[in-house]
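Structure data follow from entry_9.txt (compact mmCIF, N, CA and C atoms):
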# COMPACT_ATOMS: atom_id res chain seq x y z
N MET V 1 2.07 -30.89 -61.62
CA MET V 1 0.80 -30.45 -61.08
C MET V 1 1.00 -29.01 -60.60
N GLY V 2 0.12 -28.16 -61.01
CA GLY V 2 0.22 -26.77 -60.62
C GLY V 2 -0.42 -26.52 -59.26
N MET V 3 -0.36 -25.30 -58.85
CA MET V 3 -0.91 -24.92 -57.54
C MET V 3 -2.42 -25.11 -57.51
N THR V 4 -3.09 -24.90 -58.62
CA THR V 4 -4.54 -25.06 -58.66
C THR V 4 -4.93 -26.50 -58.41
N GLY V 5 -4.18 -27.41 -58.99
CA GLY V 5 -4.47 -28.82 -58.79
C GLY V 5 -4.23 -29.24 -57.36
N LEU V 6 -3.21 -28.70 -56.74
CA LEU V 6 -2.90 -29.03 -55.34
C LEU V 6 -4.06 -28.63 -54.43
N PHE V 7 -4.55 -27.41 -54.63
CA PHE V 7 -5.65 -26.95 -53.78
C PHE V 7 -6.94 -27.69 -54.06
N LYS V 8 -7.16 -28.07 -55.30
CA LYS V 8 -8.37 -28.81 -55.66
C LYS V 8 -8.35 -30.17 -54.98
N ARG V 9 -7.20 -30.85 -55.01
CA ARG V 9 -7.11 -32.16 -54.36
C ARG V 9 -7.31 -32.03 -52.85
N ARG V 10 -6.74 -30.99 -52.31
CA ARG V 10 -6.88 -30.81 -50.86
C ARG V 10 -8.34 -30.56 -50.48
N ARG V 11 -9.05 -29.75 -51.26
CA ARG V 11 -10.46 -29.49 -50.99
C ARG V 11 -11.26 -30.78 -51.07
N GLU V 12 -10.93 -31.58 -52.03
CA GLU V 12 -11.65 -32.85 -52.19
C GLU V 12 -11.40 -33.78 -51.01
N ARG V 13 -10.18 -33.84 -50.53
CA ARG V 13 -9.85 -34.71 -49.40
C ARG V 13 -10.49 -34.24 -48.11
N GLU V 14 -10.53 -32.93 -47.90
CA GLU V 14 -10.99 -32.39 -46.62
C GLU V 14 -12.46 -32.03 -46.62
N SER V 15 -13.17 -32.27 -47.65
CA SER V 15 -14.57 -31.90 -47.73
C SER V 15 -15.38 -32.75 -46.74
N ALA V 16 -16.22 -32.12 -45.98
CA ALA V 16 -17.06 -32.83 -45.01
C ALA V 16 -18.20 -33.56 -45.70
N ILE V 17 -18.65 -33.05 -46.82
CA ILE V 17 -19.73 -33.69 -47.57
C ILE V 17 -19.15 -34.11 -48.91
N PRO V 18 -19.13 -35.39 -49.17
CA PRO V 18 -18.58 -35.84 -50.45
C PRO V 18 -19.35 -35.24 -51.61
N PRO V 19 -18.66 -34.91 -52.71
CA PRO V 19 -19.36 -34.30 -53.85
C PRO V 19 -20.36 -35.27 -54.46
N GLY V 20 -21.47 -34.74 -54.91
CA GLY V 20 -22.48 -35.55 -55.57
C GLY V 20 -23.52 -36.12 -54.61
N THR V 21 -23.32 -36.05 -53.28
CA THR V 21 -24.30 -36.61 -52.36
C THR V 21 -25.33 -35.58 -51.96
N LEU V 22 -25.06 -34.34 -52.24
CA LEU V 22 -25.98 -33.28 -51.86
C LEU V 22 -26.70 -32.79 -53.11
N GLU V 23 -27.99 -32.94 -53.14
CA GLU V 23 -28.78 -32.45 -54.25
C GLU V 23 -29.52 -31.21 -53.81
N THR V 24 -29.66 -30.29 -54.69
CA THR V 24 -30.28 -29.03 -54.32
C THR V 24 -31.75 -29.16 -53.94
N ASP V 25 -32.47 -30.14 -54.47
CA ASP V 25 -33.88 -30.30 -54.16
C ASP V 25 -34.09 -31.02 -52.83
N SER V 26 -33.06 -31.69 -52.30
CA SER V 26 -33.25 -32.48 -51.10
C SER V 26 -33.13 -31.66 -49.81
N VAL V 27 -32.68 -30.45 -49.93
CA VAL V 27 -32.50 -29.62 -48.73
C VAL V 27 -33.74 -28.79 -48.52
N GLN V 28 -34.27 -28.86 -47.31
CA GLN V 28 -35.44 -28.05 -46.97
C GLN V 28 -34.98 -26.97 -46.01
N THR V 29 -35.48 -25.84 -46.21
CA THR V 29 -35.11 -24.73 -45.33
C THR V 29 -36.35 -24.24 -44.61
N ALA V 30 -36.14 -23.74 -43.43
CA ALA V 30 -37.24 -23.19 -42.65
C ALA V 30 -37.59 -21.83 -43.23
N PRO V 31 -38.86 -21.45 -43.11
CA PRO V 31 -39.23 -20.14 -43.63
C PRO V 31 -38.49 -19.05 -42.84
N VAL V 32 -38.03 -18.10 -43.56
CA VAL V 32 -37.26 -17.02 -42.95
C VAL V 32 -38.20 -15.96 -42.44
N GLU V 33 -38.08 -15.69 -41.14
CA GLU V 33 -38.86 -14.61 -40.56
C GLU V 33 -38.00 -13.37 -40.55
N GLU V 34 -38.64 -12.27 -40.78
CA GLU V 34 -37.88 -11.04 -40.78
C GLU V 34 -37.60 -10.65 -39.32
N PRO V 35 -36.34 -10.42 -39.00
CA PRO V 35 -36.03 -10.08 -37.60
C PRO V 35 -36.59 -8.70 -37.25
N PRO V 36 -36.93 -8.53 -35.96
CA PRO V 36 -37.44 -7.21 -35.56
C PRO V 36 -36.33 -6.18 -35.68
N PRO V 37 -36.72 -4.96 -35.88
CA PRO V 37 -35.68 -3.91 -35.99
C PRO V 37 -34.90 -3.83 -34.67
N PRO V 38 -33.61 -3.64 -34.75
CA PRO V 38 -32.81 -3.58 -33.53
C PRO V 38 -33.19 -2.36 -32.70
N THR V 39 -33.25 -2.59 -31.40
CA THR V 39 -33.55 -1.48 -30.51
C THR V 39 -32.24 -0.90 -30.03
N THR V 40 -32.13 0.36 -30.11
CA THR V 40 -30.91 1.01 -29.65
C THR V 40 -31.18 1.63 -28.29
N PRO V 41 -30.30 1.37 -27.34
CA PRO V 41 -30.51 1.98 -26.03
C PRO V 41 -30.35 3.49 -26.14
N PRO V 42 -31.04 4.19 -25.27
CA PRO V 42 -30.90 5.65 -25.33
C PRO V 42 -29.44 6.02 -25.10
N THR V 43 -28.99 6.92 -25.91
CA THR V 43 -27.60 7.34 -25.77
C THR V 43 -27.47 8.36 -24.67
N GLU V 44 -26.47 8.11 -23.83
CA GLU V 44 -26.20 9.05 -22.75
C GLU V 44 -25.01 9.89 -23.16
N PRO V 45 -25.01 11.12 -22.76
CA PRO V 45 -23.84 11.92 -23.10
C PRO V 45 -22.62 11.34 -22.38
N PRO V 46 -21.49 11.33 -23.03
CA PRO V 46 -20.31 10.76 -22.39
C PRO V 46 -19.94 11.55 -21.13
N ALA V 47 -19.56 10.78 -20.13
CA ALA V 47 -19.18 11.42 -18.87
C ALA V 47 -17.89 12.18 -19.10
N SER V 48 -17.89 13.39 -18.66
CA SER V 48 -16.67 14.17 -18.84
C SER V 48 -15.69 13.78 -17.74
N GLU V 49 -14.49 13.51 -18.15
CA GLU V 49 -13.47 13.13 -17.19
C GLU V 49 -12.89 14.39 -16.57
N PRO V 50 -12.55 14.30 -15.27
CA PRO V 50 -11.96 15.48 -14.66
C PRO V 50 -10.58 15.71 -15.26
N PRO V 51 -10.16 16.94 -15.29
CA PRO V 51 -8.84 17.22 -15.84
C PRO V 51 -7.77 16.56 -14.97
N PRO V 52 -6.65 16.18 -15.55
CA PRO V 52 -5.61 15.56 -14.75
C PRO V 52 -5.10 16.55 -13.70
N PRO V 53 -4.76 16.03 -12.52
CA PRO V 53 -4.28 16.92 -11.47
C PRO V 53 -2.98 17.62 -11.89
N SER V 54 -2.75 18.73 -11.25
CA SER V 54 -1.55 19.49 -11.59
C SER V 54 -0.31 18.70 -11.16
N GLY V 55 0.75 18.91 -11.86
CA GLY V 55 2.00 18.24 -11.52
C GLY V 55 2.09 16.83 -12.06
N GLY V 56 1.09 16.35 -12.77
CA GLY V 56 1.14 15.01 -13.35
C GLY V 56 0.92 13.90 -12.35
N ARG V 57 0.46 14.20 -11.14
CA ARG V 57 0.23 13.15 -10.14
C ARG V 57 -1.20 12.66 -10.24
N SER V 58 -1.41 11.40 -9.82
CA SER V 58 -2.75 10.84 -9.85
C SER V 58 -3.56 11.40 -8.70
N ILE V 59 -4.86 11.17 -8.76
CA ILE V 59 -5.73 11.64 -7.69
C ILE V 59 -5.36 10.97 -6.36
N ALA V 60 -5.03 9.68 -6.41
CA ALA V 60 -4.63 8.97 -5.20
C ALA V 60 -3.37 9.58 -4.59
N GLU V 61 -2.43 9.97 -5.45
CA GLU V 61 -1.21 10.60 -4.95
C GLU V 61 -1.51 11.96 -4.34
N GLU V 62 -2.45 12.69 -4.95
CA GLU V 62 -2.84 13.98 -4.40
C GLU V 62 -3.48 13.83 -3.02
N VAL V 63 -4.35 12.82 -2.88
CA VAL V 63 -5.01 12.57 -1.60
C VAL V 63 -3.97 12.15 -0.56
N ALA V 64 -3.07 11.27 -0.95
CA ALA V 64 -2.02 10.82 -0.02
C ALA V 64 -1.17 12.00 0.43
N ALA V 65 -0.85 12.88 -0.49
CA ALA V 65 -0.06 14.05 -0.12
C ALA V 65 -0.83 14.97 0.82
N ALA V 66 -2.15 15.08 0.60
CA ALA V 66 -2.97 15.94 1.44
C ALA V 66 -3.08 15.42 2.87
N VAL V 67 -3.08 14.11 3.05
CA VAL V 67 -3.19 13.55 4.40
C VAL V 67 -1.84 13.22 4.99
N GLY V 68 -0.78 13.56 4.33
CA GLY V 68 0.53 13.40 4.93
C GLY V 68 1.36 12.28 4.36
N GLY V 69 1.08 11.81 3.20
CA GLY V 69 1.91 10.79 2.58
C GLY V 69 1.27 9.42 2.61
N ASP V 70 1.99 8.46 2.10
CA ASP V 70 1.46 7.10 2.05
C ASP V 70 1.66 6.39 3.38
N LEU V 71 1.12 5.20 3.48
CA LEU V 71 1.14 4.42 4.72
C LEU V 71 2.57 4.14 5.18
N ALA V 72 3.42 3.70 4.27
CA ALA V 72 4.79 3.36 4.65
C ALA V 72 5.53 4.56 5.21
N THR V 73 5.31 5.72 4.61
CA THR V 73 5.96 6.94 5.09
C THR V 73 5.48 7.29 6.49
N GLN V 74 4.17 7.20 6.71
CA GLN V 74 3.64 7.55 8.03
C GLN V 74 4.06 6.54 9.10
N VAL V 75 4.12 5.26 8.75
CA VAL V 75 4.57 4.26 9.72
C VAL V 75 6.03 4.53 10.09
N GLU V 76 6.85 4.86 9.10
CA GLU V 76 8.25 5.17 9.38
C GLU V 76 8.37 6.40 10.27
N ARG V 77 7.56 7.41 10.01
CA ARG V 77 7.56 8.62 10.86
C ARG V 77 7.09 8.29 12.27
N LEU V 78 6.10 7.40 12.39
CA LEU V 78 5.62 6.98 13.71
C LEU V 78 6.73 6.26 14.48
N ARG V 79 7.41 5.34 13.81
CA ARG V 79 8.53 4.63 14.47
C ARG V 79 9.60 5.61 14.92
N SER V 80 9.93 6.57 14.05
CA SER V 80 10.94 7.57 14.39
C SER V 80 10.48 8.40 15.59
N LEU V 81 9.24 8.80 15.59
CA LEU V 81 8.69 9.60 16.68
C LEU V 81 8.73 8.81 18.00
N MET V 82 8.35 7.54 17.94
CA MET V 82 8.37 6.71 19.15
C MET V 82 9.79 6.50 19.63
N ALA V 83 10.74 6.32 18.72
CA ALA V 83 12.14 6.14 19.12
C ALA V 83 12.69 7.43 19.72
N GLN V 84 12.32 8.55 19.13
CA GLN V 84 12.79 9.85 19.60
C GLN V 84 12.36 10.10 21.04
N HIS V 85 11.17 9.62 21.40
CA HIS V 85 10.65 9.85 22.75
C HIS V 85 10.74 8.59 23.62
N SER V 86 11.54 7.63 23.18
CA SER V 86 11.78 6.39 23.93
C SER V 86 10.49 5.69 24.33
N VAL V 87 9.57 5.58 23.38
CA VAL V 87 8.30 4.91 23.65
C VAL V 87 8.46 3.44 23.26
N ASP V 88 8.31 2.57 24.26
CA ASP V 88 8.33 1.12 24.02
C ASP V 88 7.15 0.54 24.78
N LEU V 89 6.12 0.20 24.06
CA LEU V 89 4.90 -0.29 24.71
C LEU V 89 5.15 -1.55 25.52
N GLN V 90 6.10 -2.37 25.11
CA GLN V 90 6.39 -3.62 25.82
C GLN V 90 6.99 -3.35 27.21
N ARG V 91 7.64 -2.21 27.38
CA ARG V 91 8.30 -1.90 28.66
C ARG V 91 7.46 -1.02 29.57
N LEU V 92 6.27 -0.70 29.16
CA LEU V 92 5.38 0.07 30.03
C LEU V 92 4.90 -0.81 31.17
N PRO V 93 4.52 -0.20 32.29
CA PRO V 93 3.90 -1.00 33.35
C PRO V 93 2.65 -1.70 32.81
N GLU V 94 2.38 -2.88 33.31
CA GLU V 94 1.31 -3.72 32.77
C GLU V 94 -0.03 -3.00 32.71
N LYS V 95 -0.37 -2.29 33.76
CA LYS V 95 -1.65 -1.59 33.81
C LYS V 95 -1.74 -0.54 32.70
N GLU V 96 -0.68 0.23 32.51
CA GLU V 96 -0.68 1.27 31.48
C GLU V 96 -0.65 0.64 30.07
N HIS V 97 0.10 -0.44 29.93
CA HIS V 97 0.16 -1.14 28.64
C HIS V 97 -1.23 -1.63 28.23
N LYS V 98 -1.95 -2.25 29.18
CA LYS V 98 -3.30 -2.73 28.89
C LYS V 98 -4.25 -1.59 28.56
N SER V 99 -4.06 -0.46 29.23
CA SER V 99 -4.90 0.71 28.97
C SER V 99 -4.65 1.24 27.55
N VAL V 100 -3.38 1.28 27.13
CA VAL V 100 -3.04 1.72 25.77
C VAL V 100 -3.65 0.76 24.74
N VAL V 101 -3.50 -0.54 24.97
CA VAL V 101 -4.04 -1.54 24.05
C VAL V 101 -5.55 -1.42 23.96
N ARG V 102 -6.21 -1.23 25.08
CA ARG V 102 -7.67 -1.09 25.09
C ARG V 102 -8.09 0.14 24.29
N ASP V 103 -7.39 1.26 24.47
CA ASP V 103 -7.71 2.48 23.72
C ASP V 103 -7.46 2.29 22.22
N LEU V 104 -6.38 1.61 21.88
CA LEU V 104 -6.09 1.35 20.47
C LEU V 104 -7.20 0.49 19.84
N ASN V 105 -7.63 -0.54 20.55
CA ASN V 105 -8.70 -1.40 20.04
C ASN V 105 -10.00 -0.62 19.84
N ARG V 106 -10.29 0.30 20.75
CA ARG V 106 -11.51 1.12 20.61
C ARG V 106 -11.47 1.97 19.35
N LEU V 107 -10.27 2.37 18.95
CA LEU V 107 -10.13 3.22 17.77
C LEU V 107 -9.88 2.43 16.49
N GLY V 108 -10.00 1.10 16.56
CA GLY V 108 -9.88 0.30 15.34
C GLY V 108 -8.51 -0.25 15.03
N VAL V 109 -7.59 -0.14 15.96
CA VAL V 109 -6.25 -0.69 15.75
C VAL V 109 -6.21 -2.06 16.43
N PRO V 110 -5.98 -3.13 15.67
CA PRO V 110 -5.96 -4.47 16.28
C PRO V 110 -4.69 -4.68 17.09
N ALA V 111 -4.73 -4.29 18.35
CA ALA V 111 -3.57 -4.39 19.22
C ALA V 111 -3.81 -5.47 20.27
N LYS V 112 -2.73 -6.16 20.63
CA LYS V 112 -2.78 -7.17 21.68
C LYS V 112 -1.59 -6.96 22.60
N VAL V 113 -1.78 -7.30 23.86
CA VAL V 113 -0.70 -7.18 24.83
C VAL V 113 0.41 -8.15 24.42
N ASP V 114 1.64 -7.70 24.49
CA ASP V 114 2.85 -8.48 24.19
C ASP V 114 2.96 -8.89 22.73
N GLU V 115 2.30 -8.17 21.82
CA GLU V 115 2.46 -8.41 20.39
C GLU V 115 2.69 -7.08 19.70
N PRO V 116 3.51 -7.08 18.64
CA PRO V 116 3.74 -5.81 17.92
C PRO V 116 2.47 -5.35 17.21
N LEU V 117 2.38 -4.05 16.99
CA LEU V 117 1.23 -3.48 16.29
C LEU V 117 1.30 -3.81 14.81
N GLU V 118 0.17 -4.13 14.22
CA GLU V 118 0.08 -4.37 12.79
C GLU V 118 -0.80 -3.28 12.19
N VAL V 119 -0.16 -2.33 11.54
CA VAL V 119 -0.86 -1.19 10.98
C VAL V 119 -1.14 -1.45 9.51
N THR V 120 -2.42 -1.30 9.11
CA THR V 120 -2.80 -1.57 7.73
C THR V 120 -3.35 -0.36 6.98
N ASP V 121 -3.62 0.74 7.68
CA ASP V 121 -4.05 1.94 6.96
C ASP V 121 -3.67 3.20 7.74
N ILE V 122 -3.77 4.31 7.04
CA ILE V 122 -3.32 5.59 7.59
C ILE V 122 -4.15 6.01 8.80
N GLN V 123 -5.44 5.68 8.81
CA GLN V 123 -6.28 6.04 9.95
C GLN V 123 -5.78 5.36 11.23
N GLN V 124 -5.25 4.16 11.10
CA GLN V 124 -4.71 3.47 12.27
C GLN V 124 -3.48 4.20 12.81
N VAL V 125 -2.64 4.72 11.91
CA VAL V 125 -1.47 5.48 12.35
C VAL V 125 -1.94 6.70 13.15
N GLN V 126 -2.95 7.39 12.62
CA GLN V 126 -3.47 8.57 13.32
C GLN V 126 -4.05 8.18 14.68
N ALA V 127 -4.71 7.03 14.75
CA ALA V 127 -5.28 6.55 16.03
C ALA V 127 -4.16 6.26 17.03
N ILE V 128 -3.09 5.64 16.58
CA ILE V 128 -1.96 5.33 17.47
C ILE V 128 -1.37 6.61 18.02
N VAL V 129 -1.18 7.60 17.14
CA VAL V 129 -0.62 8.88 17.59
C VAL V 129 -1.52 9.51 18.64
N SER V 130 -2.83 9.50 18.41
CA SER V 130 -3.74 10.13 19.37
C SER V 130 -3.73 9.40 20.72
N VAL V 131 -3.64 8.06 20.69
CA VAL V 131 -3.59 7.30 21.95
C VAL V 131 -2.28 7.57 22.69
N LEU V 132 -1.18 7.62 21.96
CA LEU V 132 0.11 7.91 22.60
C LEU V 132 0.11 9.30 23.22
N LYS V 133 -0.52 10.27 22.55
CA LYS V 133 -0.64 11.62 23.11
C LYS V 133 -1.52 11.59 24.36
N LYS V 134 -2.62 10.87 24.30
CA LYS V 134 -3.55 10.79 25.42
C LYS V 134 -2.86 10.25 26.67
N HIS V 135 -1.99 9.28 26.48
CA HIS V 135 -1.30 8.66 27.62
C HIS V 135 0.01 9.38 27.97
N GLY V 136 0.29 10.50 27.31
CA GLY V 136 1.46 11.29 27.63
C GLY V 136 2.78 10.67 27.20
N LEU V 137 2.74 9.76 26.24
CA LEU V 137 3.96 9.09 25.80
C LEU V 137 4.70 9.89 24.72
N ILE V 138 3.96 10.75 24.02
CA ILE V 138 4.57 11.66 23.06
C ILE V 138 3.96 13.05 23.29
N PRO V 139 4.66 14.10 22.89
CA PRO V 139 4.11 15.44 23.12
C PRO V 139 2.85 15.72 22.30
N GLU V 140 2.04 16.63 22.80
CA GLU V 140 0.77 16.98 22.14
C GLU V 140 0.97 17.54 20.75
N ASP V 141 2.11 18.19 20.49
CA ASP V 141 2.32 18.80 19.17
C ASP V 141 2.98 17.83 18.18
N ALA V 142 3.19 16.59 18.56
CA ALA V 142 3.81 15.60 17.68
C ALA V 142 2.86 15.25 16.54
N ASP V 143 3.43 15.05 15.34
CA ASP V 143 2.62 14.76 14.18
C ASP V 143 3.43 13.92 13.20
N VAL V 144 2.79 12.94 12.58
CA VAL V 144 3.48 12.08 11.62
C VAL V 144 3.14 12.46 10.18
N THR V 145 2.27 13.45 9.99
CA THR V 145 1.87 13.81 8.63
C THR V 145 2.78 14.87 8.03
N ALA V 146 3.57 15.52 8.82
CA ALA V 146 4.43 16.58 8.30
C ALA V 146 5.84 16.12 8.08
For the file at hand, write its structure as structure tokens.
Amino acid sequence: MGMTGLFKRRRERESAIPPGTLETDSVQTAPVEEPPPPTTPPTEPPASEPPPPSGGRSIAEEVAAAVGGDLATQVERLRSLMAQHSVDLQRLPEKEHKSVVRDLNRLGVPAKVDEPLEVTDIQQVQAIVSVLKKHGLIPEDADVTA
């Protein structure tokens, strides 16, 4: 048996409609309506993409560099700055500690007495620095962005 016979037998076995049961006159078709012409949406000119930033860095990297680096870098600089000036919020007098926590909360830093600070964005780092400066815990010229 050649290849043609093999495929013919397979078609016969797998056919959904047995041969000879379908007559051409027995099938009725619905009248065909002509479809409406396709409507094309108005074409908009393609948005021009801004040129890639210089140095091959992404826009996010450029912004991070402009504000002083990424969050991890600023948090590390904040820790270093606090260590350099021996700032330990847990060892402050209770009244001053509560005042610092209250000021941090006003500026959007979720701080609680007797709990470590949880910093989730760069603005919170800046708020912590400003509160520490306000309370005289770090010098006025201290900065974590440089």
Tell me, in Å to one decimal, how far atom N of V:Asp141 is from atom C of V:Gln126.
->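 Result for atom N of V:Asp141 versus atom C of V:Gln126: 13.1 Å, one decimal.
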Which is closest to V:Val100 among V:Ser80, V:Val131, V:Leu137, V:Leu117, if we use only N, CA and C atoms?
->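 Of V:Ser80, V:Val131, V:Leu137, V:Leu117, the one nearest V:Val100, counting only N, CA and C atoms, is V:Val131.
Pairwise distance (atom C of V:Asn105, atom N of V:Arg77) equals 21.7 Å.
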With only C-alpha atoms as the atoms that count, which of V:Leu132, V:Val144, V:Leu78, V:Gln123 lies nearest to V:Leu107?
->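 Checking each of V:Leu132, V:Val144, V:Leu78, V:Gln123 against V:Leu107, counting only C-alpha atoms, the winner is V:Gln123.
Among V:Lys8, V:Thr145, V:Arg102, V:Pro36, the residue with the shortest atom-to-atom distance to V:Thr73, counting only N, CA and C atoms, is V:Thr145.
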Interatomic distance, atom N of V:Arg79 to atom C of V:Ala142 (Å, one decimal) =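 Taking atom N of V:Arg79 as the start and atom C of V:Ala142 as the end point, the length is 11.2 Å.
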